[in-house]
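Participant: Here's a structure for you.
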Amino acid sequence: MRRLRVAFDLTPAVRQRAGIGRYARELGRAIAARGDVDVVWFVADRLDEAGRAAAAAIVGAAPGDVRSMAIGARWVTLLWHRMGVPVGMGMGMGMGAWGAGGRIDAFHATDYLAPPRPGAPTVVTIHDLSFLRHPGLAEPSLARFLRRTVPRAARRAAHVLADSAWTRRDVIDLLGVPPERVSVAYAGIDAAFRPRRAVDIGVGGGGSAREIDDARVRARLGLDKPYVLGVGTIEPRKDWPTLIAAFRAAFMGGHDPGDSGDVGHRALVLAGGLGWRTEATTAAAAAARAAGVDVRLLGFVADDDLPAVYRGAEAFAFPSRYEGFGLPPLEAMACGVPTAVSAASCLPEVTGDAALHVPAGDVAAWAAALRALVGDAALRARLAAAGPVRAAGFTWAGGAEEAVGAYRAVVGGGEGG
């Protein structure tokens, strides 16, 4: 098969570190590593030479392989997605639309929306449709924008990639995209997320270099006692107040296994940046702390530190009411941490029988799950063994294979309606 030349939208990776930014960064790297695709990296913003170099460094590319705009991001959004004007695609750094290499075979829009008329068939990734399924859990202005623009982008795309089978069904049912034009490209787990094995602990209690490094990371972050971990942005969709209430119910009044009633023995740690409508979570955390429960909002944790934070946790809990994929539970499972997720959207699909599935929003059920995760030795052993096996099935190389398959399917098929 001939090599393809694909424009890959790196904009999310330039703008954000987690979530869709990580998706764009890791999938882009995996596609470029294949050797059968020439990638032109596209950023929907005005970048100077230093900005192009910084964007290229995200994926290990040469600055000359990055195309940007002669207009800024706000104008791009206004002209492309609000007015549908295809201005700017031929204005990138005075090099024509895609530079000296000529036309592209496909354009991969990695964050819901594609440029109007990019000069090739478009493949659009839709991560979830929470703004349609659960509009009350989405930031209102963003939800209004997405409700106007995403259906149009999906209809125009030659192909849609969904993060899960659940999201694929939503794209078909809610957006009316024909099933043959929608496929699943799962996200992957970085090799840094792996279990804490006996070899890391070492002989005589000295510990390996990795175990020592992990301990240093946790000490720097103040993780100085056993903890239950949650990872994700502080926002309504993640439903951290339910987890905080469940943690209080699980480990107060002498329920803490091996704790003899000392509620300070264990902490609940939430690692994630502040999103929107954070008041419910911060108020629940403050109320729990006033009652003597150790609840910590750690803030955003850098990618390099996350594996150590996962490996130090007694258990991982993810009470989200809706996800398009749900990367944090898989990362925890890959690290061998006993995990519970809400029985909502795609989370049972992704975690399989390697995690507990708990009714979303049910404080009593979550409290029981937390007690089991830290106190049931047989369950802990089963989940610790099953988690890495399940997570190993999700790789960025696998996602890249699906994405390149979509590129090849649309070549010659036009840009879609």
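Within each chain, counting starts at residue 1; across the structure tokens, chains are named A, B, ... in the order shown, with ligands numbered 1 upward in that order.
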Leaving out A:Ser130 and any residue of its chain fewer than 5 positions from it, which residues lie within 8 Å of it when counting only C-alpha atoms, given as an MDAnalysis selection string?
Facilitator: chainID A and resid 135 137:138 322:323
Participant: Quick one: write out the picked residues with N, CA and C atoms as a short mmCIF file (atom, residue, chain, number, x, y, z; two decimals), in the first residue's frame?
Facilitator:
```
data_model
loop_
_atom_site.label_atom_id
_atom_site.label_comp_id
_atom_site.auth_asym_id
_atom_site.auth_seq_id
_atom_site.Cartn_x
_atom_site.Cartn_y
_atom_site.Cartn_z
N PRO A 135 -26.88 17.27 29.44
CA PRO A 135 -26.52 18.68 29.25
C PRO A 135 -26.31 19.43 30.56
N LEU A 137 -24.67 18.48 33.02
CA LEU A 137 -23.33 18.21 33.55
C LEU A 137 -22.24 18.89 32.73
N ALA A 138 -22.63 19.63 31.71
CA ALA A 138 -21.66 20.29 30.84
C ALA A 138 -21.69 21.80 31.07
N TYR A 322 -20.64 9.94 33.34
CA TYR A 322 -20.60 9.74 31.89
C TYR A 322 -19.18 9.92 31.41
N GLU A 323 -18.72 8.98 30.59
CA GLU A 323 -17.40 9.06 29.97
C GLU A 323 -17.50 8.57 28.53
#
```
Participant: Mind checking which residues fall within 6 Å of stretch 341-358 of chain A, counting only C-alpha atoms, ignoring those fewer than 2 positions away in the same chain, and posting them as a ChimeraX atom specification?
Facilitator: /A:166,317-319,321-322,339,360,383,386-387
Participant: Any idea what's packed within 8 Å of stretch 1-7 of chain A, counting only C-alpha atoms, ignoring anything in its chain fewer than 5 positions away? Could you give it as a list in words?
Facilitator: Asp36, Val37, Asp38, Val39, Val40, Trp41, Phe42, Arg103, Ile104, Asp105, Ala106, Phe107, His108 and Arg408 of chain A
Participant: Save out the residues we just selected, C-alpha atoms, as a compact mmCIF listing (two decimals), in the first residue's frame.
Facilitator:
```
# COMPACT_ATOMS: atom_id res chain seq x y z
CA ASP A 36 3.52 4.14 6.51
CA VAL A 37 2.08 7.64 7.06
CA ASP A 38 3.71 11.02 6.48
CA VAL A 39 2.23 13.39 9.06
CA VAL A 40 1.81 17.13 8.68
CA TRP A 41 1.11 18.55 12.14
CA PHE A 42 -1.56 21.23 12.14
CA ARG A 103 -1.86 17.84 -1.19
CA ILE A 104 -2.85 15.70 1.77
CA ASP A 105 -4.82 12.47 1.54
CA ALA A 106 -6.86 13.02 4.70
CA PHE A 107 -7.32 15.52 7.52
CA HIS A 108 -7.74 14.10 11.05
CA ARG A 408 -7.30 4.54 3.95
```
Participant: Given only C-alpha atoms as the basis, pick out the residue of A:Trp240, A:Phe300, A:Phe316, A:Trp80 nearest to A:Ala285.
Facilitator: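 Ranking A:Trp240, A:Phe300, A:Phe316, A:Trp80 by distance to A:Ala285, first place goes to A:Trp240.
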Participant: Rounded to one decimal in Å, what is the spacing between atom CA of A:Tyr23 and atom CA of A:Gly188?
Facilitator: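 Interatomic distance here is 8.6 Å.
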Participant: Rank A:Gly324, A:Gly272, A:Pro12, A:Gly176 by their smallest atom-to-atom distance to A:Phe131, using only C-alpha atoms, and report the top residue only.
Facilitator: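 For A:Phe131, the nearest of the candidates is A:Gly324.
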Participant: Any idea what's packed within 10 Å of A:Ala368, counting only C-alpha atoms, ignoring anything in its chain fewer than 2 positions away? Could you give it as a list of chain:residue names?
Facilitator: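 Once the adjacent positions are removed, what remains is A:Ala246, A:Phe247, A:Ala249, A:Ala250, A:Val358, A:Val363, A:Ala364, A:Ala365, A:Trp366, A:Leu370, A:Arg371, A:Ala372, A:Leu373.
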Participant: Looking at only C-alpha atoms, which of A:Phe145, A:Tyr112, A:Tyr227, A:Tyr407 is the one that sits closest to A:Val171?
Facilitator: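 Comparing A:Phe145, A:Tyr112, A:Tyr227, A:Tyr407 against A:Val171, the winner is A:Tyr112.
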Participant: Can you list every residue in stretch 136-371 of chain A that DSSP puts in strand (DSSP E), as a VMD selection string?
Facilitator: chain A and resid 159 to 162 182 to 184 227 to 231 267 to 271 294 to 299 315 to 318 339 to 342 356 to 358
Participant: Would you export the selected residues with N, CA and C atoms as a compact mmCIF listing (two decimals), in the first residue's frame, please?
Facilitator:
```txt
# COMPACT_ATOMS: atom_id res chain seq x y z
N HIS A 159 -15.55 10.16 7.75
CA HIS A 159 -15.57 9.07 8.72
C HIS A 159 -15.47 9.67 10.12
N VAL A 160 -16.10 9.00 11.09
CA VAL A 160 -16.04 9.41 12.49
C VAL A 160 -15.37 8.31 13.29
N LEU A 161 -14.39 8.69 14.10
CA LEU A 161 -13.78 7.78 15.07
C LEU A 161 -14.37 8.06 16.44
N ALA A 162 -14.81 7.04 17.12
CA ALA A 162 -15.35 7.17 18.47
C ALA A 162 -14.41 6.50 19.46
N VAL A 182 -18.83 5.08 11.02
CA VAL A 182 -18.38 5.28 12.40
C VAL A 182 -17.66 4.03 12.88
N SER A 183 -16.46 4.19 13.40
CA SER A 183 -15.73 3.05 13.96
C SER A 183 -15.09 3.46 15.29
N VAL A 184 -14.60 2.47 16.01
CA VAL A 184 -14.04 2.68 17.34
C VAL A 184 -12.52 2.65 17.26
N TYR A 227 -3.96 5.82 51.11
CA TYR A 227 -4.97 6.67 50.49
C TYR A 227 -5.74 5.93 49.41
N VAL A 228 -7.01 6.34 49.27
CA VAL A 228 -7.85 5.97 48.13
C VAL A 228 -7.75 7.12 47.14
N LEU A 229 -7.60 6.80 45.86
CA LEU A 229 -7.29 7.79 44.84
C LEU A 229 -8.43 7.93 43.84
N GLY A 230 -8.68 9.17 43.43
CA GLY A 230 -9.50 9.47 42.27
C GLY A 230 -8.73 10.43 41.39
N VAL A 231 -8.82 10.28 40.07
CA VAL A 231 -8.10 11.15 39.13
C VAL A 231 -9.09 11.68 38.11
N ALA A 267 -6.54 8.56 53.79
CA ALA A 267 -6.94 9.78 53.11
C ALA A 267 -7.66 9.45 51.80
N LEU A 268 -8.52 10.37 51.40
CA LEU A 268 -9.09 10.35 50.05
C LEU A 268 -8.39 11.45 49.27
N VAL A 269 -7.72 11.07 48.19
CA VAL A 269 -6.93 12.00 47.39
C VAL A 269 -7.56 12.13 46.01
N LEU A 270 -7.90 13.36 45.62
CA LEU A 270 -8.43 13.63 44.29
C LEU A 270 -7.41 14.43 43.52
N ALA A 271 -6.91 13.86 42.43
CA ALA A 271 -5.88 14.49 41.60
C ALA A 271 -6.51 14.96 40.31
N ASP A 294 -9.83 12.98 56.23
CA ASP A 294 -8.71 13.54 55.47
C ASP A 294 -9.02 13.46 53.97
N VAL A 295 -9.53 14.54 53.43
CA VAL A 295 -9.83 14.65 52.00
C VAL A 295 -8.91 15.70 51.41
N ARG A 296 -8.18 15.34 50.36
CA ARG A 296 -7.20 16.25 49.77
C ARG A 296 -7.49 16.45 48.29
N LEU A 297 -7.53 17.72 47.89
CA LEU A 297 -7.63 18.06 46.47
C LEU A 297 -6.22 18.41 46.01
N LEU A 298 -5.61 17.48 45.29
CA LEU A 298 -4.19 17.57 44.97
C LEU A 298 -3.91 18.54 43.83
N GLY A 299 -4.93 18.86 43.04
CA GLY A 299 -4.70 19.67 41.84
C GLY A 299 -4.17 18.83 40.71
N ALA A 315 -6.42 1.88 46.70
CA ALA A 315 -7.54 1.60 45.81
C ALA A 315 -7.78 2.82 44.95
N PHE A 316 -8.48 2.61 43.83
CA PHE A 316 -8.82 3.70 42.92
C PHE A 316 -10.33 3.70 42.72
N ALA A 317 -10.92 4.90 42.74
CA ALA A 317 -12.37 5.02 42.58
C ALA A 317 -12.69 6.09 41.55
N PHE A 318 -13.63 5.79 40.66
CA PHE A 318 -13.98 6.69 39.56
C PHE A 318 -15.50 6.73 39.43
N THR A 339 -9.67 -1.41 41.62
CA THR A 339 -10.39 -0.27 41.04
C THR A 339 -11.89 -0.49 41.05
N ALA A 340 -12.62 0.60 41.28
CA ALA A 340 -14.08 0.61 41.14
C ALA A 340 -14.47 1.77 40.24
N VAL A 341 -15.44 1.53 39.36
CA VAL A 341 -15.95 2.56 38.46
C VAL A 341 -17.46 2.57 38.54
N SER A 342 -18.06 3.67 38.13
CA SER A 342 -19.51 3.71 38.07
C SER A 342 -20.00 2.85 36.92
N LEU A 356 -14.63 -3.30 39.91
CA LEU A 356 -15.99 -3.31 40.44
C LEU A 356 -16.82 -2.27 39.70
N HIS A 357 -18.08 -2.60 39.43
CA HIS A 357 -19.01 -1.67 38.79
C HIS A 357 -20.07 -1.28 39.82
N VAL A 358 -20.18 0.02 40.09
CA VAL A 358 -21.01 0.53 41.18
C VAL A 358 -22.05 1.48 40.61
```
Participant: In Å, rounded to a single decimal, give me how far atom CA of A:Glu26 is from atom CA of A:Glu180.
Facilitator: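 According to the coordinates, atom CA of A:Glu180 and atom CA of A:Glu26 are separated by 26.0 Å.
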Participant: As a PyMOL selection string, list the residues of stretch 307-396 of chain A assigned to alpha helix (DSSP H) by DSSP on the backbone atoms of this structure.
Facilitator: chain A and resi 307-311+327-334+347-351+363-375+377-391+396
Participant: Go ahead and compute the interatomic distance for atom CA of A:Thr242 and atom CA of A:Asp111, in Å to one decimal.
Facilitator: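 Spanning atom CA of A:Thr242 to atom CA of A:Asp111 is a straight-line distance of 29.2 Å.
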Participant: With distances taken over only C-alpha atoms, which of A:Ala56, A:Ala153, A:Leu129, A:Val43 is nearest to A:Arg117?
Facilitator: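 Looking only at the distances to A:Arg117, the closest residue turns out to be A:Ala153.
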Participant: Name the closest residue to A:Ala406 among the candidates A:Leu47, A:Ala157, A:Leu142, A:Ala32; distances are taken between atoms, counting only C-alpha atoms.
Facilitator: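 When distances to A:Ala406 are compared using only C-alpha atoms, the smallest one comes from A:Ala157.
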Participant: Rank nothing, just name the residue among A:Thr122, A:Pro236, A:Arg152, A:Arg216 nearest to A:His134, using only C-alpha atoms.
Facilitator: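 Going through A:Thr122, A:Pro236, A:Arg152, A:Arg216 one by one, the smallest distance to A:His134 is for A:Pro236.
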